[in-house]
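Undergrad: Structure file structure-v2.pdb, PDB, C-alpha atoms, is pasted below:
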ATOM      1  CA  MET A   1     -39.136  -0.222   8.958
ATOM      2  CA  THR A   2     -38.375  -3.944   8.627
ATOM      3  CA  THR A   3     -38.228  -6.046  11.782
ATOM      4  CA  LEU A   4     -36.371  -9.347  11.948
ATOM      5  CA  ARG A   5     -36.379 -11.832  14.829
ATOM      6  CA  VAL A   6     -33.047 -13.463  15.604
ATOM      7  CA  GLY A   7     -32.803 -16.720  17.539
ATOM      8  CA  THR A   8     -29.847 -17.438  19.776
ATOM      9  CA  ARG A   9     -28.711 -19.546  22.679
ATOM     10  CA  GLY A  10     -28.453 -17.741  26.005
ATOM     11  CA  SER A  11     -24.760 -18.161  26.811
ATOM     12  CA  ASP A  12     -22.535 -15.104  27.160
ATOM     13  CA  LEU A  13     -20.702 -16.012  23.964
ATOM     14  CA  ALA A  14     -23.858 -16.704  21.933
ATOM     15  CA  LEU A  15     -25.369 -13.390  23.036
ATOM     16  CA  TRP A  16     -22.161 -11.518  22.190
ATOM     17  CA  GLN A  17     -22.035 -13.092  18.734
ATOM     18  CA  THR A  18     -25.690 -12.274  18.089
ATOM     19  CA  SER A  19     -25.205  -8.661  19.187
ATOM     20  CA  TRP A  20     -22.105  -8.343  16.996
ATOM     21  CA  VAL A  21     -23.987  -9.585  13.935
ATOM     22  CA  SER A  22     -27.073  -7.496  14.730
ATOM     23  CA  ASP A  23     -25.016  -4.314  15.041
ATOM     24  CA  ARG A  24     -23.484  -4.890  11.619
ATOM     25  CA  LEU A  25     -26.826  -5.675  10.032
ATOM     26  CA  ARG A  26     -28.338  -2.462  11.402
ATOM     27  CA  ALA A  27     -25.308  -0.510  10.153
ATOM     28  CA  ALA A  28     -25.798  -1.983   6.678
ATOM     29  CA  HIS A  29     -29.579  -1.486   6.757
ATOM     30  CA  PRO A  30     -30.367   1.609   8.890
ATOM     31  CA  SER A  31     -34.144   1.038   8.733
ATOM     32  CA  LEU A  32     -33.795  -2.506  10.122
ATOM     33  CA  SER A  33     -35.057  -3.411  13.592
ATOM     34  CA  ILE A  34     -33.977  -6.676  15.236
ATOM     35  CA  ASP A  35     -35.708  -8.486  18.099
ATOM     36  CA  ARG A  36     -33.718 -11.120  19.998
ATOM     37  CA  ILE A  37     -35.298 -14.427  21.058
ATOM     38  CA  ILE A  38     -33.378 -16.792  23.333
ATOM     39  CA  ILE A  39     -33.875 -20.492  22.629
ATOM     40  CA  LYS A  40     -32.657 -23.455  24.680
ATOM     41  CA  THR A  41     -31.163 -26.312  22.689
ATOM     42  CA  HIS A  42     -30.453 -29.904  23.677
ATOM     43  CA  GLY A  43     -26.931 -28.838  24.597
ATOM     44  CA  ASP A  44     -28.271 -26.244  27.028
ATOM     45  CA  LEU A  45     -30.651 -28.695  28.684
ATOM     46  CA  ALA A  46     -28.468 -31.841  28.802
ATOM     47  CA  LYS A  47     -25.507 -30.235  30.533
ATOM     48  CA  GLU A  48     -24.146 -33.469  31.977
ATOM     49  CA  GLN A  49     -24.289 -35.537  28.768
ATOM     50  CA  ARG A  50     -20.940 -36.478  27.239
ATOM     51  CA  PHE A  51     -19.934 -35.715  23.658
ATOM     52  CA  ASP A  52     -19.950 -39.344  22.590
ATOM     53  CA  ALA A  53     -21.835 -41.563  20.166
ATOM     54  CA  GLU A  54     -25.076 -40.884  22.053
ATOM     55  CA  TRP A  55     -24.855 -37.129  21.494
ATOM     56  CA  PRO A  56     -27.564 -36.106  18.992
ATOM     57  CA  VAL A  57     -26.626 -34.572  15.651
ATOM     58  CA  GLY A  58     -27.013 -30.799  15.864
ATOM     59  CA  GLY A  59     -27.327 -30.854  19.636
ATOM     60  CA  PHE A  60     -26.483 -27.144  19.967
ATOM     61  CA  VAL A  61     -28.632 -25.933  17.060
ATOM     62  CA  ASP A  62     -31.628 -28.290  16.805
ATOM     63  CA  ALA A  63     -34.254 -26.185  18.566
ATOM     64  CA  ILE A  64     -33.091 -23.028  16.804
ATOM     65  CA  GLU A  65     -33.389 -24.617  13.376
ATOM     66  CA  GLN A  66     -36.869 -25.860  14.223
ATOM     67  CA  ALA A  67     -37.847 -22.324  15.243
ATOM     68  CA  LEU A  68     -36.568 -21.059  11.881
ATOM     69  CA  LEU A  69     -38.527 -23.649   9.932
ATOM     70  CA  ALA A  70     -41.659 -22.882  11.950
ATOM     71  CA  GLU A  71     -41.170 -19.151  11.193
ATOM     72  CA  ARG A  72     -40.967 -18.229  14.879
ATOM     73  CA  ILE A  73     -37.675 -16.486  14.101
ATOM     74  CA  ASP A  74     -36.225 -15.057  10.878
ATOM     75  CA  PHE A  75     -32.531 -15.809  11.269
ATOM     76  CA  ALA A  76     -30.055 -17.342  13.683
ATOM     77  CA  VAL A  77     -26.415 -16.830  14.601
ATOM     78  CA  HIS A  78     -24.377 -19.981  15.271
ATOM     79  CA  SER A  79     -20.801 -20.839  16.037
ATOM     80  CA  TYR A  80     -20.240 -22.556  12.711
ATOM     81  CA  LYS A  81     -18.450 -25.525  14.278
ATOM     82  CA  ASP A  82     -21.702 -26.397  16.124
ATOM     83  CA  LEU A  83     -23.630 -26.993  12.897
ATOM     84  CA  GLN A  84     -24.046 -30.512  11.557
ATOM     85  CA  THR A  85     -22.355 -31.080   8.197
ATOM     86  CA  ALA A  86     -25.569 -31.994   6.344
ATOM     87  CA  SER A  87     -27.606 -28.918   5.418
ATOM     88  CA  THR A  88     -31.129 -28.720   6.819
ATOM     89  CA  ALA A  89     -33.713 -28.664   4.022
ATOM     90  CA  GLY A  90     -35.265 -25.219   3.625
ATOM     91  CA  LEU A  91     -32.431 -23.402   5.424
ATOM     92  CA  VAL A  92     -29.294 -21.709   4.076
ATOM     93  CA  ILE A  93     -26.144 -20.161   5.483
ATOM     94  CA  ALA A  94     -26.932 -16.654   4.278
ATOM     95  CA  ALA A  95     -23.608 -15.198   5.427
ATOM     96  CA  ILE A  96     -20.290 -16.142   6.976
ATOM     97  CA  PRO A  97     -18.736 -12.907   8.285
ATOM     98  CA  GLY A  98     -15.066 -12.251   9.014
ATOM     99  CA  ARG A  99     -13.404 -15.026  11.002
ATOM    100  CA  GLU A 100     -11.897 -14.577  14.456
ATOM    101  CA  ILE A 101      -8.615 -16.222  15.572
ATOM    102  CA  VAL A 102      -8.746 -19.971  14.976
ATOM    103  CA  HIS A 103      -6.336 -21.498  17.496
ATOM    104  CA  ASP A 104      -7.099 -23.141  20.817
ATOM    105  CA  VAL A 105      -5.633 -21.813  24.059
ATOM    106  CA  LEU A 106      -4.533 -23.512  27.261
ATOM    107  CA  VAL A 107      -5.491 -21.549  30.367
ATOM    108  CA  THR A 108      -3.689 -22.724  33.514
ATOM    109  CA  ARG A 109      -3.928 -22.167  37.243
ATOM    110  CA  GLU A 110      -0.158 -21.737  37.590
ATOM    111  CA  PRO A 111       2.425 -20.676  34.999
ATOM    112  CA  VAL A 112       3.637 -23.642  32.905
ATOM    113  CA  THR A 113       5.260 -24.253  29.531
ATOM    114  CA  LEU A 114       3.528 -26.329  26.881
ATOM    115  CA  ASP A 115       6.447 -28.687  26.288
ATOM    116  CA  GLN A 116       7.105 -29.238  29.990
ATOM    117  CA  LEU A 117       3.691 -29.798  31.524
ATOM    118  CA  PRO A 118       3.923 -31.389  34.964
ATOM    119  CA  SER A 119       3.405 -35.165  34.921
ATOM    120  CA  GLY A 120      -0.272 -35.991  35.413
ATOM    121  CA  PHE A 121      -1.310 -32.413  34.562
ATOM    122  CA  ARG A 122      -5.097 -32.306  35.146
ATOM    123  CA  LEU A 123      -6.662 -30.936  31.984
ATOM    124  CA  GLY A 124     -10.324 -29.974  31.766
ATOM    125  CA  THR A 125     -12.024 -30.579  28.414
ATOM    126  CA  SER A 126     -14.843 -32.678  26.963
ATOM    127  CA  SER A 127     -13.677 -32.451  23.335
ATOM    128  CA  PRO A 128     -12.484 -35.796  21.890
ATOM    129  CA  ARG A 129     -10.153 -33.884  19.555
ATOM    130  CA  ARG A 130      -8.498 -31.930  22.352
ATOM    131  CA  ILE A 131      -8.248 -35.034  24.535
ATOM    132  CA  ALA A 132      -6.517 -36.986  21.745
ATOM    133  CA  GLN A 133      -4.171 -34.095  20.924
ATOM    134  CA  PHE A 134      -3.023 -33.535  24.493
ATOM    135  CA  ARG A 135      -2.582 -37.223  25.197
ATOM    136  CA  ARG A 136      -0.291 -37.379  22.179
ATOM    137  CA  PHE A 137       1.790 -34.363  23.118
ATOM    138  CA  GLY A 138       1.895 -34.625  26.904
ATOM    139  CA  ASP A 139       1.384 -36.707  30.056
ATOM    140  CA  VAL A 140      -2.031 -35.438  31.108
ATOM    141  CA  THR A 141      -4.953 -36.607  33.193
ATOM    142  CA  ILE A 142      -8.215 -35.709  31.503
ATOM    143  CA  VAL A 143     -11.052 -34.286  33.590
ATOM    144  CA  GLU A 144     -14.166 -34.031  31.428
ATOM    145  CA  ILE A 145     -15.965 -30.733  31.948
ATOM    146  CA  ARG A 146     -18.647 -28.774  30.130
ATOM    147  CA  GLY A 147     -20.100 -25.303  30.441
ATOM    148  CA  ASN A 148     -19.749 -21.889  28.865
ATOM    149  CA  VAL A 149     -16.418 -20.084  28.651
ATOM    150  CA  PRO A 150     -16.551 -18.212  32.014
ATOM    151  CA  THR A 151     -17.795 -21.349  33.803
ATOM    152  CA  ARG A 152     -14.930 -23.482  32.532
ATOM    153  CA  ILE A 153     -12.308 -20.881  33.429
ATOM    154  CA  ALA A 154     -13.854 -20.478  36.894
ATOM    155  CA  LYS A 155     -13.253 -24.187  37.542
ATOM    156  CA  LEU A 156      -9.540 -23.371  37.852
ATOM    157  CA  ASP A 157     -10.290 -21.660  41.177
ATOM    158  CA  GLY A 158     -10.624 -25.078  42.809
ATOM    159  CA  ASP A 159      -8.060 -27.831  43.275
ATOM    160  CA  ASP A 160      -9.447 -30.311  40.738
ATOM    161  CA  LEU A 161      -7.899 -28.808  37.598
ATOM    162  CA  ASP A 162      -4.517 -27.502  36.499
ATOM    163  CA  GLY A 163      -5.719 -26.185  33.159
ATOM    164  CA  VAL A 164      -8.567 -25.936  30.680
ATOM    165  CA  VAL A 165      -8.411 -25.763  26.900
ATOM    166  CA  LEU A 166     -10.771 -23.524  24.947
ATOM    167  CA  ALA A 167     -11.160 -21.807  21.587
ATOM    168  CA  GLY A 168      -9.192 -18.574  21.580
ATOM    169  CA  ALA A 169     -12.001 -16.889  19.624
ATOM    170  CA  GLY A 170     -14.380 -17.192  22.557
ATOM    171  CA  LEU A 171     -11.989 -15.500  24.977
ATOM    172  CA  LYS A 172     -11.218 -12.725  22.521
ATOM    173  CA  ARG A 173     -14.872 -12.030  21.770
ATOM    174  CA  LEU A 174     -15.716 -11.894  25.484
ATOM    175  CA  ASN A 175     -12.586  -9.827  26.272
ATOM    176  CA  ILE A 176     -11.383 -12.396  28.810
ATOM    177  CA  ASN A 177      -7.632 -12.182  29.467
ATOM    178  CA  PRO A 178      -6.467 -14.863  31.929
ATOM    179  CA  PRO A 179      -3.010 -14.284  33.441
ATOM    180  CA  ASN A 180      -1.704 -17.722  32.447
ATOM    181  CA  LEU A 181      -2.557 -18.427  28.810
ATOM    182  CA  ILE A 182      -0.722 -20.393  26.125
ATOM    183  CA  GLU A 183      -1.682 -20.122  22.457
ATOM    184  CA  LEU A 184      -1.616 -23.648  21.058
ATOM    185  CA  PRO A 185       0.266 -23.945  17.741
ATOM    186  CA  THR A 186      -2.108 -24.977  14.981
ATOM    187  CA  ASP A 187       0.433 -27.283  13.333
ATOM    188  CA  ARG A 188       0.285 -29.576  16.388
ATOM    189  CA  PHE A 189      -3.142 -28.746  17.763
ATOM    190  CA  VAL A 190      -5.191 -28.426  14.576
ATOM    191  CA  PRO A 191      -8.463 -26.674  15.543
ATOM    192  CA  ALA A 192     -11.999 -27.859  14.927
ATOM    193  CA  PRO A 193     -13.284 -27.363  11.380
ATOM    194  CA  ALA A 194     -14.819 -23.865  11.086
ATOM    195  CA  GLN A 195     -13.495 -22.788  14.491
ATOM    196  CA  GLY A 196     -13.646 -19.007  14.895
ATOM    197  CA  ALA A 197     -16.273 -18.639  12.150
ATOM    198  CA  LEU A 198     -19.918 -17.637  12.519
ATOM    199  CA  ALA A 199     -22.791 -18.993  10.430
ATOM    200  CA  ILE A 200     -25.832 -16.763   9.939
ATOM    201  CA  GLN A 201     -28.717 -19.035   9.007
ATOM    202  CA  ALA A 202     -32.062 -18.123   7.452
ATOM    203  CA  ARG A 203     -34.871 -19.682   5.458
ATOM    204  CA  GLU A 204     -34.018 -20.264   1.832
ATOM    205  CA  GLY A 205     -35.307 -17.447  -0.406
ATOM    206  CA  SER A 206     -36.430 -15.270   2.498
ATOM    207  CA  GLU A 207     -36.130 -11.512   2.830
ATOM    208  CA  ALA A 208     -33.910 -12.104   5.869
ATOM    209  CA  ALA A 209     -31.491 -14.174   3.785
ATOM    210  CA  ARG A 210     -31.298 -11.374   1.220
ATOM    211  CA  LEU A 211     -30.605  -8.699   3.830
ATOM    212  CA  ILE A 212     -28.038 -10.832   5.666
ATOM    213  CA  GLY A 213     -26.048 -11.538   2.494
ATOM    214  CA  VAL A 214     -24.271  -8.182   2.784
ATOM    215  CA  LEU A 215     -22.213  -9.606   5.677
ATOM    216  CA  ASP A 216     -20.796 -12.544   3.739
ATOM    217  CA  ASP A 217     -17.004 -12.795   3.425
ATOM    218  CA  SER A 218     -16.246 -14.862   0.329
ATOM    219  CA  SER A 219     -12.703 -15.758   1.427
ATOM    220  CA  VAL A 220     -13.867 -17.030   4.806
ATOM    221  CA  ARG A 221     -16.669 -18.987   3.141
ATOM    222  CA  ARG A 222     -14.159 -20.590   0.789
ATOM    223  CA  ALA A 223     -11.865 -21.595   3.649
ATOM    224  CA  VAL A 224     -14.659 -22.917   5.843
ATOM    225  CA  ASP A 225     -16.274 -24.777   2.938
ATOM    226  CA  ALA A 226     -13.076 -26.812   2.472
ATOM    227  CA  GLU A 227     -12.958 -27.691   6.175
ATOM    228  CA  ARG A 228     -16.636 -28.608   6.270
ATOM    229  CA  HIS A 229     -16.473 -30.736   3.113
ATOM    230  CA  PHE A 230     -13.579 -32.624   4.700
ATOM    231  CA  LEU A 231     -15.600 -33.146   7.874
ATOM    232  CA  ARG A 232     -18.617 -34.341   5.946
ATOM    233  CA  ALA A 233     -16.570 -36.716   3.797
ATOM    234  CA  ILE A 234     -15.150 -38.529   6.810
ATOM    235  CA  ASP A 235     -18.683 -38.718   8.257
ATOM    236  CA  ALA A 236     -17.505 -37.311  11.572
ATOM    237  CA  GLY A 237     -19.739 -36.635  14.549
ATOM    238  CA  CYS A 238     -19.132 -34.825  17.840
ATOM    239  CA  HIS A 239     -17.335 -37.915  19.176
ATOM    240  CA  THR A 240     -14.781 -38.101  16.337
ATOM    241  CA  PRO A 241     -11.322 -36.652  17.157
ATOM    242  CA  VAL A 242     -10.667 -34.520  14.067
ATOM    243  CA  GLY A 243      -9.210 -31.123  13.227
ATOM    244  CA  ALA A 244      -8.977 -29.122  10.000
ATOM    245  CA  LEU A 245      -7.622 -25.712   9.069
ATOM    246  CA  THR A 246      -7.421 -23.940   5.709
ATOM    247  CA  ARG A 247      -4.701 -21.569   4.563
ATOM    248  CA  LEU A 248      -5.530 -19.476   1.502
ATOM    249  CA  ASP A 249      -2.976 -18.080  -0.941
ATOM    250  CA  GLY A 250      -4.896 -16.348  -3.690
ATOM    251  CA  THR A 251      -7.043 -19.080  -5.224
ATOM    252  CA  ASN A 252      -4.936 -21.881  -3.748
ATOM    253  CA  ILE A 253      -6.296 -23.836  -0.792
ATOM    254  CA  ALA A 254      -3.958 -25.652   1.597
ATOM    255  CA  LEU A 255      -6.101 -27.762   3.933
ATOM    256  CA  HIS A 256      -4.367 -29.331   6.951
ATOM    257  CA  GLY A 257      -6.294 -32.248   8.412
ATOM    258  CA  GLN A 258      -5.599 -34.221  11.565
ATOM    259  CA  LEU A 259      -7.585 -37.391  12.242
ATOM    260  CA  PHE A 260      -7.400 -39.773  15.196
ATOM    261  CA  SER A 261      -8.736 -43.252  15.726
ATOM    262  CA  ASP A 262     -11.793 -43.330  17.988
ATOM    263  CA  ASP A 263      -9.621 -44.395  20.946
ATOM    264  CA  GLY A 264      -7.149 -41.583  20.194
ATOM    265  CA  GLU A 265      -4.219 -43.980  19.937
ATOM    266  CA  LYS A 266      -3.414 -43.433  16.258
ATOM    267  CA  MET A 267      -3.103 -40.093  14.493
ATOM    268  CA  VAL A 268      -2.766 -39.362  10.787
ATOM    269  CA  GLU A 269      -2.385 -35.962   9.173
ATOM    270  CA  HIS A 270      -1.836 -34.447   5.757
ATOM    271  CA  ILE A 271      -1.988 -31.132   3.899
ATOM    272  CA  GLN A 272      -4.080 -31.267   0.721
ATOM    273  CA  CYS A 273      -3.791 -28.474  -1.850
ATOM    274  CA  GLY A 274      -5.998 -27.382  -4.721
ATOM    275  CA  ASP A 275      -8.405 -24.673  -5.822
ATOM    276  CA  ASP A 276     -11.841 -26.268  -5.322
ATOM    277  CA  PRO A 277     -13.022 -26.432  -1.675
ATOM    278  CA  THR A 278     -15.212 -29.472  -2.258
ATOM    279  CA  VAL A 279     -12.548 -31.453  -4.102
ATOM    280  CA  VAL A 280      -9.792 -30.542  -1.642
ATOM    281  CA  GLY A 281     -11.933 -31.514   1.339
ATOM    282  CA  GLU A 282     -12.991 -34.831  -0.161
ATOM    283  CA  GLN A 283      -9.468 -35.719  -1.324
ATOM    284  CA  LEU A 284      -8.057 -35.009   2.133
ATOM    285  CA  ALA A 285     -10.733 -37.155   3.773
ATOM    286  CA  ASP A 286     -10.024 -40.049   1.417
ATOM    287  CA  HIS A 287      -6.277 -39.773   2.062
ATOM    288  CA  LEU A 288      -6.572 -39.707   5.845
ATOM    289  CA  LEU A 289      -9.191 -42.445   6.067
ATOM    290  CA  THR A 290      -6.978 -44.687   3.960
ATOM    291  CA  GLN A 291      -3.999 -43.953   6.209
ATOM    292  CA  LEU A 292      -5.993 -44.544   9.367
ATOM    293  CA  ARG A 293      -7.286 -47.940   8.179
ATOM    294  CA  ASN A 294      -3.856 -49.217   7.185
ATOM    295  CA  PRO A 295      -1.857 -50.899   9.948
TER     296      PRO A 295
END
Could you quickly redo this structure as C-alpha cells?

TA:
Amino acid sequence: MTTLRVGTRGSDLALWQTSWVSDRLRAAHPSLSIDRIIIKTHGDLAKEQRFDAEWPVGGFVDAIEQALLAERIDFAVHSYKDLQTASTAGLVIAAIPGREIVHDVLVTREPVTLDQLPSGFRLGTSSPRRIAQFRRFGDVTIVEIRGNVPTRIAKLDGDDLDGVVLAGAGLKRLNINPPNLIELPTDRFVPAPAQGALAIQAREGSEAARLIGVLDDSSVRRAVDAERHFLRAIDAGCHTPVGALTRLDGTNIALHGQLFSDDGEKMVEHIQCGDDPTVVGEQLADHLLTQLRNP
C-alpha cells in the first residue's frame, strides 16, 4: 500500500476540497492511503491584514509550498485562485480536476434586487475586484471583512452589514443555501481568474505527481491556463482589481477580461479569442493595459 501525505489549510472549505480530492484519488488507486496534515499559512495567521500592496505573494499557500519542498507532505490541494502566477521551482500542478460554478453570489440580510440595491447598501468584502465592480454598478458602502465562508455569512446576523459577496463555488461545495441569494452575472461581475478551480500541487517528477495526474481535466486546464497567463501578463497581485473568465468552444478560447485602475475609478474590458491559452492571455493583457493607460 502507498501512503501519501496531503497538506491543507484548516478552513471548512479547504478541508472539504481536500476530502473531495482524496476520495477521488483513492477511487482511482484503491491501494492508496492518504494522511491529512493541516498547515497554517500567512493568511490564516494574519487575519486582520488587508489585501493591499503589503500582502505577501502567495499568502494563502506559502507555508504549504514550503512543506512540499521540504518533503513534509507529498501533495497539496489549493483553491487555484490563491496561487501566485509564477510557478514555484521544483513544484508542479499535477492535476486540475473538474471546475465548480465560477460566478460570485450576493448574500443579503433582507430580500433585494441587484439593480435596485438600497442607497448606501452596506456590502461586506475585502476583494479589490468585488469592491470596484460593486462601486461601478451600485451605490454601496464597503465594509471590509475577512474570514471563511460561514464566518462571513454569519456577519449578516448583526446590524453592520446588508450583504456579503462570495464565490458561489464555496457555498455549493459546503452545501450552504442562504434564503436571500443573488447569482451575479459574469458579464458584469467577471470572476477572479481560476475561480471555482482546484490546483493539486506536488513535487516535480514525484510518485505523487504521477498518481495525481489521473484527476486532470484537460479542458479545465486549458481554460484556467488562459486566465492565469492573462493575470501573469498584467503582473497583478492580490490588490489589483481584475477578473477573467474563459469560454471554450471546441478548440476556440474566448477570454473575457475586466481590469480596473488601482483606485477602481476606471474600468476596461475586452474579449480576446484564439486557440493558444498563452497567446490569448498575453494578447488580452496587452490590450487592456493599453486601454487603461490611455486617457

Undergrad: Step by step: start from the point (-24.9, -19.0, 11.2) in the file's coordinates, keep every protein, DNA or RNA residue that has an atom no farther than 9 Å from it, count only C-alpha atoms, and write the set as number ranges by chain.

TA: A: 75-80, 83, 92-96, 197-202

Undergrad: Applied to this file, what does the PyMOL selection byres ((chain A and resi 170) around 12) return in terms of residues, put as a PyMOL selection string?

TA: chain A and resi 11-17+79+99-105+148-150+152-153+165-169+171-177+195-198

Undergrad: Pick out the residues sitting within 10 Å of Leu117 of chain A, and hand them over as a list of chain:residue names; count all atoms listed in the file, and ignore anything fewer than 6 positions along from it in its own chain.

TA: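 Final neighbour list, sorted by chain and number: A:Pro111, A:Phe137, A:Gly138, A:Asp139, A:Val140, A:Asp162.
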
Undergrad: Using all atoms of segment 116-119 of chain A that appear in the file, construct an axis-aligned enclosing box with 4 Å of padding on every side and provide its centre coordinates and edge lengths in Å, rounded to one decimal, as JSON.

TA:
{"center_x": 5.3, "center_y": -32.2, "center_z": 32.5, "size_x": 11.7, "size_y": 13.9, "size_z": 13.0}

Undergrad: Evaluating the PyMOL selection byres ((chain A and resi 274) around 9) on the displayed file yields which residues, as a ChimeraX atom specification?

TA: /A:251-255,272-273,275-277,279-280

Undergrad: Do you know which residues the PyMOL selection byres ((chain A and resi 231-245) around 8) returns on this file, as a ChimeraX atom specification?

TA: /A:51-53,55,57,85-86,127-130,132,189-194,227-230,246-247,255-262,264,281-282,285-286,289

Undergrad: Considering all atoms listed in the file, state which residue in the set A:Leu248, A:Gly98, A:Asn180, A:Val6 is at the smallest distance from Asp217 of chain A.

TA: A:Gly98

Undergrad: At what distance in Å, to one decimal, does atom CA of Leu69 of chain A lie from atom CA of Pro97 of chain A?

TA: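 These two atoms are separated by 22.6 Å.
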
Undergrad: Provide the atom CA of Leu156 of chain A to atom CA of Thr113 of chain A distance in Å, to one decimal place.

TA: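 Going from atom CA of Leu156 of chain A over to atom CA of Thr113 of chain A covers 17.0 Å.
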
Undergrad: Which residue, A:Gln133, A:Thr8, A:Thr141, A:Ser218, has the smallest gap to Val21 of chain A when you use only C-alpha atoms?

TA: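 Once distances to Val21 of chain A are computed over only C-alpha atoms, the minimum belongs to A:Thr8.
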
Undergrad: To one decimal place in Å, what is the distance between atom CA of Ile142 of chain A and atom CA of Leu106 of chain A?

TA: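 A separation of 13.4 Å between them.
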